[in-house]
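This is work-v6.txt. It holds compact mmCIF, C-alpha atoms.
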```
# COMPACT_ATOMS: atom_id res chain seq x y z
CA MET X 275 0.00 0.00 0.00
CA SER X 276 1.13 3.53 -0.70
CA ALA X 277 2.05 5.29 2.50
CA ASP X 278 1.34 8.71 1.02
CA PRO X 279 -2.32 9.56 1.68
CA SER X 280 -2.21 12.40 -0.86
CA VAL X 281 -1.72 9.91 -3.70
CA PRO X 282 -5.08 8.43 -4.71
CA PRO X 283 -5.13 4.64 -5.07
CA ALA X 284 -5.06 3.33 -8.63
CA ALA X 285 -8.63 2.07 -8.37
CA LEU X 286 -9.85 5.62 -7.77
CA SER X 287 -7.66 7.35 -10.32
CA GLY X 288 -9.41 5.73 -13.24
CA GLU X 289 -6.57 3.43 -14.25
CA VAL X 290 -8.62 0.29 -14.75
CA SER X 291 -8.49 -2.06 -17.72
CA LEU X 292 -11.64 -3.18 -19.51
CA PRO X 293 -12.42 -6.11 -21.81
CA GLU X 294 -12.05 -5.27 -25.52
CA LYS X 295 -15.82 -5.50 -25.97
CA LEU X 296 -16.12 -2.22 -24.07
CA ALA X 297 -13.40 -0.38 -26.01
CA GLY X 298 -14.60 3.06 -26.97
CA VAL X 299 -17.97 3.01 -25.16
CA GLU X 300 -18.85 5.90 -22.93
CA LEU X 301 -18.26 4.94 -19.30
CA VAL X 302 -20.98 5.21 -16.68
CA ARG X 303 -19.90 7.78 -14.09
CA SER X 304 -22.99 8.20 -11.93
CA VAL X 305 -25.96 6.14 -10.82
CA ARG X 306 -29.38 6.92 -9.42
CA THR X 307 -29.78 5.61 -5.88
CA PRO X 308 -33.02 7.12 -4.58
CA ILE X 309 -34.21 6.08 -1.16
CA ARG X 310 -37.74 6.32 0.17
CA LEU X 311 -39.12 5.41 3.55
CA GLU X 312 -42.85 5.58 4.28
CA TYR X 313 -43.84 5.30 7.90
CA ASP X 314 -46.54 6.06 10.45
CA PHE X 315 -45.45 8.54 13.07
CA ILE X 316 -47.18 8.10 16.43
CA PRO X 317 -45.86 10.61 18.97
CA GLY X 318 -45.35 9.64 22.58
CA ASP X 319 -46.76 11.56 25.53
CA ALA X 320 -44.28 14.43 25.50
CA SER X 321 -44.56 15.06 21.75
CA SER X 322 -48.35 14.67 21.88
CA GLY X 323 -48.59 17.32 24.59
CA TYR X 324 -46.39 19.60 22.52
CA LEU X 325 -48.38 19.08 19.29
CA ASN X 326 -51.79 19.37 20.95
CA ALA X 327 -50.77 22.68 22.54
CA PHE X 328 -49.88 24.07 19.12
CA ALA X 329 -53.57 24.05 18.20
CA ASP X 330 -54.01 26.69 20.94
CA ARG X 331 -51.02 28.72 19.73
CA LYS X 332 -48.98 27.53 22.68
CA ILE X 333 -45.41 26.27 22.69
CA LEU X 334 -44.64 23.77 25.44
CA GLY X 335 -41.27 22.72 26.78
CA GLN X 336 -40.35 20.49 29.67
CA ARG X 337 -38.23 21.30 32.70
CA SER X 338 -35.40 19.10 33.93
CA PRO X 339 -35.90 18.07 37.55
CA VAL X 340 -32.11 17.99 37.93
CA ASP X 341 -31.12 21.60 37.21
CA GLY X 342 -34.24 23.28 35.83
CA ALA X 343 -33.04 23.38 32.21
CA VAL X 344 -35.96 23.80 29.80
CA PHE X 345 -36.08 21.66 26.66
CA VAL X 346 -38.19 22.39 23.59
CA PRO X 347 -39.52 20.37 21.88
CA PRO X 348 -40.11 18.21 24.96
CA ARG X 349 -38.97 14.59 24.69
CA GLY X 350 -39.99 13.31 28.09
CA VAL X 351 -36.46 13.02 29.41
CA ASP X 352 -33.42 15.09 30.22
CA PRO X 353 -30.98 13.21 27.99
CA ARG X 354 -27.99 14.34 30.05
CA HIS X 355 -29.20 12.63 33.19
CA GLY X 356 -31.71 10.07 31.99
CA ALA X 357 -34.23 11.81 34.23
CA ALA X 358 -37.95 11.89 33.35
CA THR X 359 -39.28 15.41 32.72
CA PRO X 360 -43.02 15.25 33.49
CA ASP X 361 -43.45 19.00 34.06
CA TYR X 362 -44.48 21.11 31.07
CA VAL X 363 -43.49 24.77 30.81
CA GLU X 364 -45.38 27.16 28.56
CA LEU X 365 -42.96 29.25 26.57
CA PRO X 366 -43.50 32.60 24.86
CA ASP X 367 -43.39 32.83 21.07
CA THR X 368 -40.41 35.16 21.23
CA GLY X 369 -36.71 34.41 21.29
CA HIS X 370 -33.57 34.93 19.28
CA VAL X 371 -31.65 33.38 16.42
CA GLY X 372 -28.97 31.13 17.88
CA GLY X 373 -27.52 30.10 14.54
CA PHE X 374 -28.74 30.07 10.97
CA CYS X 375 -28.15 28.86 7.43
CA VAL X 376 -29.01 30.58 4.15
CA THR X 377 -30.12 28.03 1.55
CA ARG X 378 -29.73 29.07 -2.06
CA LEU X 379 -30.48 25.79 -3.82
CA PRO X 380 -33.94 24.24 -4.06
CA ILE X 381 -34.66 21.04 -2.17
CA PRO X 382 -36.59 18.30 -4.00
CA GLY X 383 -40.05 17.98 -2.50
CA ARG X 384 -40.06 21.47 -0.95
CA ASP X 385 -41.32 23.59 -3.81
CA ASP X 386 -43.12 25.71 -1.21
CA LEU X 387 -39.81 27.17 -0.02
CA GLU X 388 -38.80 30.15 -2.08
CA ILE X 389 -35.03 30.44 -2.35
CA PRO X 390 -33.01 31.93 -0.85
CA TYR X 391 -34.47 31.13 2.56
CA VAL X 392 -33.07 31.11 6.08
CA SER X 393 -33.45 28.21 8.51
CA ALA X 394 -32.37 28.92 12.06
CA TRP X 395 -32.04 27.59 15.53
CA ILE X 396 -34.64 29.58 17.42
CA HIS X 397 -33.85 29.94 21.11
CA LEU X 398 -37.10 30.84 22.85
CA ASP X 399 -37.03 33.13 25.87
CA GLY X 400 -36.92 30.78 28.84
CA ALA X 401 -35.70 27.74 26.88
CA ASP X 402 -32.21 26.33 27.25
CA ILE X 403 -31.93 24.77 23.81
CA GLY X 404 -32.98 25.88 20.35
CA PHE X 405 -35.40 24.37 17.87
CA LEU X 406 -35.58 24.76 14.10
CA GLY X 407 -37.61 27.35 12.25
CA LEU X 408 -37.62 29.55 9.15
CA VAL X 409 -36.73 33.23 9.39
CA GLY X 410 -38.77 35.64 7.27
CA GLY X 411 -39.76 39.24 6.98
CA ILE X 412 -36.15 40.32 6.53
CA ASP X 413 -33.55 40.29 3.78
CA THR X 414 -31.46 37.12 4.11
CA ALA X 415 -28.26 39.19 4.24
CA GLN X 416 -29.52 40.98 7.36
CA VAL X 417 -30.11 37.86 9.47
CA ARG X 418 -27.61 37.55 12.31
CA MET X 419 -26.85 35.48 15.36
CA GLY X 420 -28.56 37.04 18.40
CA MET X 421 -31.33 38.74 16.36
CA ARG X 422 -34.56 38.92 18.38
CA VAL X 423 -37.55 37.24 16.69
CA ARG X 424 -41.21 36.43 17.23
CA ALA X 425 -43.41 33.76 15.68
CA VAL X 426 -45.70 34.56 12.75
CA TRP X 427 -48.64 32.17 13.16
CA LYS X 428 -51.09 30.86 10.62
CA PRO X 429 -54.58 32.39 10.89
CA ASP X 430 -56.61 30.88 13.77
CA ASP X 431 -58.92 28.98 11.42
CA GLN X 432 -55.93 27.18 9.89
CA LEU X 433 -54.29 26.09 13.13
CA GLY X 434 -53.67 22.37 13.54
CA ARG X 435 -51.84 20.16 15.99
CA THR X 436 -48.55 20.77 14.27
CA ALA X 437 -45.43 22.91 14.51
CA GLU X 438 -46.31 24.02 10.96
CA ASN X 439 -48.67 26.50 12.65
CA ILE X 440 -45.65 28.79 12.84
CA LEU X 441 -45.08 30.07 9.32
CA TYR X 442 -41.76 31.70 10.16
CA TRP X 443 -39.99 33.90 12.68
CA GLU X 444 -39.75 37.63 12.06
CA PRO X 445 -37.48 40.24 13.63
CA THR X 446 -38.98 42.15 16.58
CA GLY X 447 -36.67 45.14 16.12
CA GLU X 448 -35.42 44.89 19.71
CA PRO X 449 -31.66 45.12 20.35
CA ASP X 450 -29.79 41.90 19.57
CA VAL X 451 -28.79 39.43 22.23
CA PRO X 452 -24.99 39.72 22.50
CA VAL X 453 -23.28 36.94 20.55
CA THR X 454 -21.58 35.72 23.74
CA ALA X 455 -25.03 35.06 25.22
CA ALA X 456 -26.75 33.88 22.03
CA GLY X 457 -27.63 30.33 21.05
CA THR X 458 -25.61 27.58 22.65
CA ASN X 459 -23.15 30.18 23.98
CA ALA X 460 -25.78 31.04 26.60
CA TRP X 461 -26.03 27.38 27.53
CA HIS X 462 -22.28 26.98 27.91
CA ALA X 463 -22.01 30.20 29.91
CA LYS X 464 -24.75 28.95 32.25
CA GLN X 465 -23.06 25.56 32.65
CA ALA X 466 -19.78 27.32 33.52
CA GLU X 467 -21.57 29.45 36.15
CA GLY X 468 -23.08 26.29 37.57
CA ASP X 469 -19.65 24.67 37.77
CA GLN X 470 -18.25 27.65 39.65
CA GLY X 471 -21.25 27.96 41.94
CA MET P 188 -57.92 12.45 27.23
CA ALA P 189 -56.68 13.74 23.94
CA GLU P 190 -57.07 11.56 20.90
CA ARG P 191 -53.94 9.66 19.89
CA LEU P 192 -52.06 11.55 17.19
CA ARG P 193 -50.59 9.93 14.14
CA ALA P 194 -49.18 11.13 10.83
CA ASP P 195 -48.08 9.50 7.57
CA LEU P 196 -44.53 10.55 6.96
CA VAL P 197 -42.30 10.02 3.96
CA LEU P 198 -38.55 10.36 3.99
CA GLU P 199 -37.18 10.52 0.47
CA TYR P 200 -33.85 11.46 -1.07
CA PRO P 201 -33.34 11.40 -4.86
CA PHE P 202 -29.60 10.70 -4.62
CA THR P 203 -27.34 10.45 -7.61
CA ARG P 204 -23.92 9.07 -6.73
CA THR P 205 -20.69 9.12 -8.65
CA THR P 206 -19.50 5.59 -9.16
CA GLY P 207 -15.72 5.67 -9.41
CA PRO P 208 -14.05 3.72 -12.23
CA VAL P 209 -14.65 0.17 -10.96
CA ILE P 210 -18.36 0.34 -10.15
CA GLY P 211 -18.71 2.62 -13.19
CA ALA P 212 -17.17 -0.10 -15.38
CA PHE P 213 -19.50 -2.72 -13.88
CA LEU P 214 -22.53 -0.55 -14.66
CA THR P 215 -21.16 0.23 -18.13
CA GLY P 216 -20.97 -3.50 -18.72
CA LEU P 217 -24.57 -3.96 -17.63
CA ARG P 218 -25.66 -1.24 -20.03
CA GLU P 219 -23.79 -3.03 -22.82
CA GLY P 220 -25.26 -6.39 -21.81
CA ILE P 221 -22.23 -8.03 -20.22
CA ILE P 222 -21.33 -8.75 -16.60
CA LEU P 223 -17.90 -7.76 -15.33
CA GLY P 224 -15.86 -9.07 -12.44
CA ILE P 225 -12.43 -7.95 -11.29
CA ARG P 226 -9.29 -10.06 -11.07
CA ARG P 227 -7.41 -10.53 -7.81
CA PRO P 228 -3.62 -11.04 -7.70
CA ASP P 229 -4.16 -14.81 -7.26
CA GLY P 230 -6.05 -14.91 -10.56
CA THR P 231 -9.53 -15.45 -9.09
CA VAL P 232 -12.32 -13.07 -10.05
CA LEU P 233 -14.70 -11.16 -7.77
CA CYS P 234 -18.19 -10.43 -9.07
CA PRO P 235 -19.59 -7.92 -8.39
CA PRO P 236 -16.21 -6.19 -8.65
CA THR P 237 -14.70 -4.33 -5.69
CA GLU P 238 -12.15 -1.52 -5.75
CA TYR P 239 -9.89 -3.27 -3.29
CA ASP P 240 -8.76 -6.81 -2.60
CA PRO P 241 -10.77 -7.96 0.42
CA GLU P 242 -7.74 -9.65 2.02
CA SER P 243 -4.72 -7.50 1.14
CA SER P 244 -6.57 -4.18 0.51
CA GLU P 245 -4.47 -3.78 -2.67
CA PRO P 246 -6.24 -1.79 -5.41
CA LEU P 247 -7.80 -3.99 -8.10
CA THR P 248 -7.91 -2.78 -11.70
CA GLU P 249 -8.35 -5.64 -14.21
CA LEU P 250 -12.00 -6.01 -15.17
CA VAL P 251 -12.97 -9.21 -16.96
CA GLU P 252 -16.20 -10.57 -18.40
CA VAL P 253 -17.99 -13.33 -16.47
CA GLY P 254 -21.24 -15.24 -17.02
CA PRO P 255 -23.86 -14.78 -18.30
CA GLY P 256 -24.51 -18.30 -16.99
CA GLY P 257 -23.75 -19.43 -13.48
CA GLU P 258 -24.62 -21.64 -10.55
CA LEU P 259 -27.25 -20.93 -7.93
CA VAL P 260 -25.43 -21.10 -4.61
CA SER P 261 -28.29 -20.19 -2.29
CA TRP P 262 -31.79 -18.80 -2.61
CA THR P 263 -34.95 -17.68 -0.85
CA TRP P 264 -38.51 -17.05 -2.06
CA VAL P 265 -40.12 -13.61 -1.83
CA ASP P 266 -43.94 -13.51 -1.76
CA PRO P 267 -45.27 -10.90 -1.96
CA PRO P 268 -42.56 -8.48 -3.08
CA ARG P 269 -42.45 -5.25 -1.09
CA SER P 270 -43.93 -2.06 -2.53
CA GLN P 271 -40.62 -0.68 -3.78
CA SER P 272 -39.20 -3.94 -5.07
CA PRO P 273 -37.85 -3.90 -8.64
CA TRP P 274 -40.09 -6.94 -9.22
CA ASP P 275 -43.88 -6.74 -9.22
CA ARG P 276 -44.60 -10.45 -8.64
CA PRO P 277 -43.36 -13.23 -6.35
CA HIS P 278 -39.79 -14.20 -7.20
CA GLY P 279 -36.63 -15.75 -5.82
CA LEU P 280 -33.62 -13.92 -4.52
CA GLY P 281 -30.43 -15.84 -5.09
CA LEU P 282 -26.69 -15.86 -4.70
CA ILE P 283 -25.44 -16.61 -8.21
CA ARG P 284 -21.81 -17.60 -8.86
CA LEU P 285 -21.29 -16.62 -12.48
CA ASP P 286 -19.03 -18.68 -14.72
CA GLY P 287 -15.52 -17.34 -14.33
CA ALA P 288 -16.15 -15.77 -10.94
CA ALA P 289 -15.15 -17.10 -7.54
CA THR P 290 -17.77 -15.16 -5.56
CA PRO P 291 -21.57 -15.04 -5.92
CA MET P 292 -23.70 -11.96 -6.49
CA VAL P 293 -27.26 -11.32 -5.35
CA HIS P 294 -30.05 -10.95 -7.88
CA GLY P 295 -33.63 -11.92 -8.61
CA LEU P 296 -34.69 -15.38 -9.79
CA LEU P 297 -37.51 -15.16 -12.30
CA VAL P 298 -39.45 -18.40 -11.99
CA SER P 299 -43.09 -19.03 -11.20
CA GLY P 300 -42.61 -20.85 -7.91
CA PRO P 301 -40.05 -22.00 -5.35
CA ASP P 302 -40.33 -25.62 -6.56
CA GLU P 303 -38.45 -24.50 -9.68
CA LEU P 304 -35.38 -23.53 -7.64
CA ALA P 305 -32.61 -25.73 -6.28
CA VAL P 306 -29.12 -25.10 -4.95
CA GLY P 307 -26.60 -26.03 -7.65
CA MET P 308 -28.94 -25.45 -10.59
CA ARG P 309 -27.72 -23.59 -13.68
CA VAL P 310 -29.15 -20.13 -14.30
CA THR P 311 -28.47 -17.38 -16.82
CA ALA P 312 -28.95 -13.64 -17.07
CA ARG P 313 -32.11 -12.11 -18.56
CA TRP P 314 -31.58 -8.53 -19.78
CA ARG P 315 -33.98 -5.66 -20.16
CA SER P 316 -34.22 -4.37 -23.69
CA GLU P 317 -33.68 -0.76 -22.57
CA ARG P 318 -30.60 -0.33 -20.41
CA GLU P 319 -29.06 2.72 -18.78
CA GLY P 320 -26.16 1.57 -16.59
CA HIS P 321 -27.98 0.36 -13.49
CA ILE P 322 -28.22 -2.96 -11.65
CA ALA P 323 -31.84 -3.18 -12.83
CA ASP P 324 -30.57 -3.44 -16.43
CA LEU P 325 -30.35 -7.08 -15.44
CA GLU P 326 -33.97 -8.09 -15.09
CA GLY P 327 -32.89 -11.16 -13.17
CA PHE P 328 -31.80 -14.77 -13.68
CA VAL P 329 -33.75 -17.63 -15.19
CA PRO P 330 -33.05 -21.38 -15.40
CA GLU P 331 -30.60 -22.06 -18.22
CA GLY P 332 -32.53 -22.79 -21.40
CA ALA P 333 -35.73 -21.10 -20.20
CA ASP P 334 -35.39 -18.17 -22.60
CA GLN P 335 -34.65 -20.27 -25.70
```

Could you write out this structure as structure tokens?
Amino acid sequence: MSADPSVPPAALSGEVSLPEKLAGVELVRSVRTPIRLEYDFIPGDASSGYLNAFADRKILGQRSPVDGAVFVPPRGVDPRHGAATPDYVELPDTGHVGGFCVTRLPIPGRDDLEIPYVSAWIHLDGADIGFLGLVGGIDTAQVRMGMRVRAVWKPDDQLGRTAENILYWEPTGEPDVPVTAAGTNAWHAKQAEGDQG
Amino acid sequence: MAERLRADLVLEYPFTRTTGPVIGAFLTGLREGIILGIRRPDGTVLCPPTEYDPESSEPLTELVEVGPGGELVSWTWVDPPRSQSPWDRPHGLGLIRLDGAATPMVHGLLVSGPDELAVGMRVTARWRSEREGHIADLEGFVPEGADQ
């Protein structure tokens, strides 16, 4: 074996020999390998509580009995400690952008998303982790970490038991959360405080 | 108590992958109606071909034609086929060691019932008339003589 990892192996450099029958034919270079999985999703108690509350324009999290950290969406456990989290916490529909991504290429199956669009980790006020949402109502170039946002909901008569009730998150115009306290930085800062205390 | 929620979900990715020269050559062969294996340093042939020798990890580069006939090494019966199966009726799935190859490959066995299959029987490739460089260019394998 070649010891130099910068030299591609012969099999990947195209130096293969073919039977004469294939002399001159155009070589296949790519292959379709679509995958498709159809399944029934049946949420457990924590997710059911979360989805049912959406019909009332409410966002529910759950509080860790160990240190009070609030998780949204709720999963029924604090995964750090393996502790059950039976207590729901109602969260406001305001928060900040903890991190984001501008997508400029269309995704198959999501023709409803007009490109470019911004997907972001939304850190709700009072929650200790973020959850995913779209950011709208602002030029994509203006989106920034720490930007304060609020939910834009579907009209009441279109609300269902789904997180799709929130169309997107729009800027509130309030001053940004400092980057050092935004997104997971806030979490790490809080953990460090806890370690010192 | 709230009604139990449920939703039909579909996860789907329309991947296209680049093949590299060895798998690309194998698929090129299928498109042209021949099956390729790859020669190991000891002279034996792997089919389907791999980019590396499974024992020494040395790159392999010499593609050779095998089949289209071969021996059925092992098989099972599939009834009914699953919704996304390449086959729309009950069929066998077999390990077929093609003539000239030392290793067997998996493919469909196109017979009307499991009583037509036996370990050690001779089978041969049946091709689709329209081929594009995909494993499904091979429709499957049939008992030798069945297509004559």

* To do: Work out how far apart CA of Pro273 (chain P) and CA of Leu296 (chain X) are and give it in Å to one decimal.
  =>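 The value is 26.7 Å.
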
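With distances taken over all atoms listed in the file, X:Gly457 is the one residue among X:Gly457, X:Pro445, X:Gly342, X:Pro366 lying closest to Met419 (chain X).
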
* Can you find the residues with an atom no farther than 12 Å from (-32.2, -15.5, -16.9), counting only C-alpha atoms, and report them as number ranges by chain? -> P: 254-259, 279, 281, 283, 285, 294-298, 309-315, 325-335

* **Spatial neighbours of Gly434 (chain X), 10 Å, only C-alpha atoms, chain gap at least 4 places, as a ChimeraX atom specification** => /X:325-331,428,430,438-439

* Name all residues at most 8 Å from Pro268 (chain P) (count all atoms listed in the file; drop same-chain ones fewer than 6 positions away) and give them as JSON, numbers by chain. => {"P": [274, 275, 276, 277, 278]}

Could you build a table of the residues in chain P lying no more than 9 Å from chain X, giving for each the nearest pair of atoms and their separation in Å rounded to one decimal place, using only C-alpha atoms, ordered by chain and ascending residue number, as CSV?
```
residue,atom,partner,partner_atom,distance
P:Ala189,CA,X:Asn326,CA,8.0
P:Arg191,CA,X:Ile316,CA,7.8
P:Leu192,CA,X:Ile316,CA,6.0
P:Arg193,CA,X:Ile316,CA,4.5
P:Ala194,CA,X:Phe315,CA,5.1
P:Asp195,CA,X:Asp314,CA,4.7
P:Leu196,CA,X:Tyr313,CA,5.4
P:Val197,CA,X:Glu312,CA,4.5
P:Leu198,CA,X:Leu311,CA,5.0
P:Glu199,CA,X:Arg310,CA,4.2
P:Tyr200,CA,X:Ile309,CA,5.4
P:Pro201,CA,X:Pro308,CA,4.3
P:Phe202,CA,X:Pro308,CA,5.0
P:Thr203,CA,X:Arg306,CA,4.5
P:Arg204,CA,X:Ser304,CA,5.4
P:Thr205,CA,X:Ser304,CA,4.1
P:Thr206,CA,X:Ser304,CA,5.2
P:Gly207,CA,X:Leu286,CA,6.1
P:Pro208,CA,X:Gly288,CA,5.2
P:Val209,CA,X:Ala285,CA,6.8
P:Ile210,CA,X:Val302,CA,8.6
P:Gly211,CA,X:Val302,CA,4.9
P:Ala212,CA,X:Leu301,CA,6.5
P:Phe213,CA,X:Val302,CA,8.5
P:Leu214,CA,X:Val302,CA,6.3
P:Thr215,CA,X:Val302,CA,5.2
P:Gly216,CA,X:Leu296,CA,7.3
P:Arg218,CA,X:Val302,CA,8.6
P:Glu219,CA,X:Leu296,CA,7.8
P:Ile221,CA,X:Lys295,CA,9.0
P:Leu223,CA,X:Pro293,CA,8.6
P:Glu238,CA,X:Ala285,CA,5.7
P:Tyr239,CA,X:Ala285,CA,7.5
P:Ser243,CA,X:Met275,CA,8.9
P:Ser244,CA,X:Met275,CA,7.8
P:Glu245,CA,X:Met275,CA,6.4
P:Pro246,CA,X:Ala285,CA,5.4
P:Leu247,CA,X:Ala285,CA,6.1
P:Thr248,CA,X:Val290,CA,4.4
P:Glu249,CA,X:Ser291,CA,5.0
P:Leu250,CA,X:Leu292,CA,5.2
P:Val251,CA,X:Pro293,CA,5.8
P:Glu252,CA,X:Pro293,CA,6.8
P:Gln271,CA,X:Arg310,CA,8.5
P:Glu319,CA,X:Val302,CA,8.7
P:Gly320,CA,X:Val302,CA,6.3
P:His321,CA,X:Val305,CA,6.7
```

I need the residues from that last selection saved to file as a PDB file, in the coordinates of the input (with C-alpha atoms), if you can.
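Final output, saved to part.pdb:
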```pdb
ATOM      1  CA  ALA P 189     -56.680  13.740  23.940  1.00  0.00           C
ATOM      2  CA  ARG P 191     -53.940   9.660  19.890  1.00  0.00           C
ATOM      3  CA  LEU P 192     -52.060  11.550  17.190  1.00  0.00           C
ATOM      4  CA  ARG P 193     -50.590   9.930  14.140  1.00  0.00           C
ATOM      5  CA  ALA P 194     -49.180  11.130  10.830  1.00  0.00           C
ATOM      6  CA  ASP P 195     -48.080   9.500   7.570  1.00  0.00           C
ATOM      7  CA  LEU P 196     -44.530  10.550   6.960  1.00  0.00           C
ATOM      8  CA  VAL P 197     -42.300  10.020   3.960  1.00  0.00           C
ATOM      9  CA  LEU P 198     -38.550  10.360   3.990  1.00  0.00           C
ATOM     10  CA  GLU P 199     -37.180  10.520   0.470  1.00  0.00           C
ATOM     11  CA  TYR P 200     -33.850  11.460  -1.070  1.00  0.00           C
ATOM     12  CA  PRO P 201     -33.340  11.400  -4.860  1.00  0.00           C
ATOM     13  CA  PHE P 202     -29.600  10.700  -4.620  1.00  0.00           C
ATOM     14  CA  THR P 203     -27.340  10.450  -7.610  1.00  0.00           C
ATOM     15  CA  ARG P 204     -23.920   9.070  -6.730  1.00  0.00           C
ATOM     16  CA  THR P 205     -20.690   9.120  -8.650  1.00  0.00           C
ATOM     17  CA  THR P 206     -19.500   5.590  -9.160  1.00  0.00           C
ATOM     18  CA  GLY P 207     -15.720   5.670  -9.410  1.00  0.00           C
ATOM     19  CA  PRO P 208     -14.050   3.720 -12.230  1.00  0.00           C
ATOM     20  CA  VAL P 209     -14.650   0.170 -10.960  1.00  0.00           C
ATOM     21  CA  ILE P 210     -18.360   0.340 -10.150  1.00  0.00           C
ATOM     22  CA  GLY P 211     -18.710   2.620 -13.190  1.00  0.00           C
ATOM     23  CA  ALA P 212     -17.170  -0.100 -15.380  1.00  0.00           C
ATOM     24  CA  PHE P 213     -19.500  -2.720 -13.880  1.00  0.00           C
ATOM     25  CA  LEU P 214     -22.530  -0.550 -14.660  1.00  0.00           C
ATOM     26  CA  THR P 215     -21.160   0.230 -18.130  1.00  0.00           C
ATOM     27  CA  GLY P 216     -20.970  -3.500 -18.720  1.00  0.00           C
ATOM     28  CA  ARG P 218     -25.660  -1.240 -20.030  1.00  0.00           C
ATOM     29  CA  GLU P 219     -23.790  -3.030 -22.820  1.00  0.00           C
ATOM     30  CA  ILE P 221     -22.230  -8.030 -20.220  1.00  0.00           C
ATOM     31  CA  LEU P 223     -17.900  -7.760 -15.330  1.00  0.00           C
ATOM     32  CA  GLU P 238     -12.150  -1.520  -5.750  1.00  0.00           C
ATOM     33  CA  TYR P 239      -9.890  -3.270  -3.290  1.00  0.00           C
ATOM     34  CA  SER P 243      -4.720  -7.500   1.140  1.00  0.00           C
ATOM     35  CA  SER P 244      -6.570  -4.180   0.510  1.00  0.00           C
ATOM     36  CA  GLU P 245      -4.470  -3.780  -2.670  1.00  0.00           C
ATOM     37  CA  PRO P 246      -6.240  -1.790  -5.410  1.00  0.00           C
ATOM     38  CA  LEU P 247      -7.800  -3.990  -8.100  1.00  0.00           C
ATOM     39  CA  THR P 248      -7.910  -2.780 -11.700  1.00  0.00           C
ATOM     40  CA  GLU P 249      -8.350  -5.640 -14.210  1.00  0.00           C
ATOM     41  CA  LEU P 250     -12.000  -6.010 -15.170  1.00  0.00           C
ATOM     42  CA  VAL P 251     -12.970  -9.210 -16.960  1.00  0.00           C
ATOM     43  CA  GLU P 252     -16.200 -10.570 -18.400  1.00  0.00           C
ATOM     44  CA  GLN P 271     -40.620  -0.680  -3.780  1.00  0.00           C
ATOM     45  CA  GLU P 319     -29.060   2.720 -18.780  1.00  0.00           C
ATOM     46  CA  GLY P 320     -26.160   1.570 -16.590  1.00  0.00           C
ATOM     47  CA  HIS P 321     -27.980   0.360 -13.490  1.00  0.00           C
TER      48      HIS P 321
END
```

* To do: In Å, rounded to a single decimal, give me how far CA of Ala460 (chain X) is from CA of Ala394 (chain X).
  =>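 Between CA of Ala394 (chain X) and CA of Ala460 (chain X) the gap works out to 16.1 Å.
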
* **Non-local contacts of region 384-389 of chain X (12 Å; only C-alpha atoms; under 4 positions in same chain excluded) as an NGL selection string** => (:X and (376-380 or 393 or 408-410 or 413-414 or 441-442)) or (:P and (199-200))

Those selected residues, please, written with C-alpha atoms and delivered as a short mmCIF file (atom, residue, chain, number, x, y, z; two decimals), in the frame of the given file.
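After the write, result_9.cif holds the following:
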```
data_model
loop_
_atom_site.label_atom_id
_atom_site.label_comp_id
_atom_site.auth_asym_id
_atom_site.auth_seq_id
_atom_site.Cartn_x
_atom_site.Cartn_y
_atom_site.Cartn_z
CA VAL X 376 -29.01 30.58 4.15
CA THR X 377 -30.12 28.03 1.55
CA ARG X 378 -29.73 29.07 -2.06
CA LEU X 379 -30.48 25.79 -3.82
CA PRO X 380 -33.94 24.24 -4.06
CA SER X 393 -33.45 28.21 8.51
CA LEU X 408 -37.62 29.55 9.15
CA VAL X 409 -36.73 33.23 9.39
CA GLY X 410 -38.77 35.64 7.27
CA ASP X 413 -33.55 40.29 3.78
CA THR X 414 -31.46 37.12 4.11
CA LEU X 441 -45.08 30.07 9.32
CA TYR X 442 -41.76 31.70 10.16
CA GLU P 199 -37.18 10.52 0.47
CA TYR P 200 -33.85 11.46 -1.07
#
```

* What does the distance between CA of Val260 (chain P) and CA of Pro235 (chain P) come to in Å, to one decimal place? -> 14.9 Å

* **Contacts of Ile412 (chain X) at 10 Å (all atoms listed in the file; same-chain gap of 6+ positions) as a list in words** => Val392, Trp443, Glu444 and Pro445 of chain X

* Asked: Quick one: residues within 10 Å of Leu365 (chain X), all atoms listed in the file counted, chain neighbours fewer than 4 positions away excluded, as a list in words?
  -> Lys332, Ile333, Leu334, Gly335, Gln336, Val344, Val346, Gly369, Leu398, Asp399, Gly400 and Ala401 of chain X

* Taking into account all atoms listed in the file, which residue in the set P:Pro291, P:Pro267, P:Gly307, P:Gly220 is nearest to Pro236 (chain P)? ->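 The closest residue to Pro236 (chain P) is P:Pro291.
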
* **Residue nearest Ala289 (chain P) among P:Asp302, P:Arg318, P:Asp324, P:Leu233 (counting all atoms listed in the file)** => P:Leu233

* Need the neighbours of (-14.8, -15.4, -15.2): which residues are at most 6 Å away, counting only C-alpha atoms, as a ChimeraX atom specification? -> /P:252-253,286-288

For the residues in that selection, give me C-alpha atoms as a PDB file, in the coordinates of the input.
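The file below, part.pdb, is the result:
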```pdb
ATOM      1  CA  GLU P 252     -16.200 -10.570 -18.400  1.00  0.00           C
ATOM      2  CA  VAL P 253     -17.990 -13.330 -16.470  1.00  0.00           C
ATOM      3  CA  ASP P 286     -19.030 -18.680 -14.720  1.00  0.00           C
ATOM      4  CA  GLY P 287     -15.520 -17.340 -14.330  1.00  0.00           C
ATOM      5  CA  ALA P 288     -16.150 -15.770 -10.940  1.00  0.00           C
TER       6      ALA P 288
END
```

* To do: Between X:Asn459, X:Thr368, X:Thr359, X:Thr436, single out the one closest to Met421 (chain X), counting only C-alpha atoms.
  =>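 Looking only at the distances to Met421 (chain X), the closest residue turns out to be X:Thr368.
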
Report, as AutoDock Vina command-line options, the axis-aligned box around all atoms of region 367-375 of chain X present in the file, extended by 6 Å on each side; give centre and edge lengths in Å to one decimal place.
```
--center_x -35.5 --center_y 32.0 --center_z 14.4 --size_x 27.9 --size_y 18.3 --size_z 25.9
```
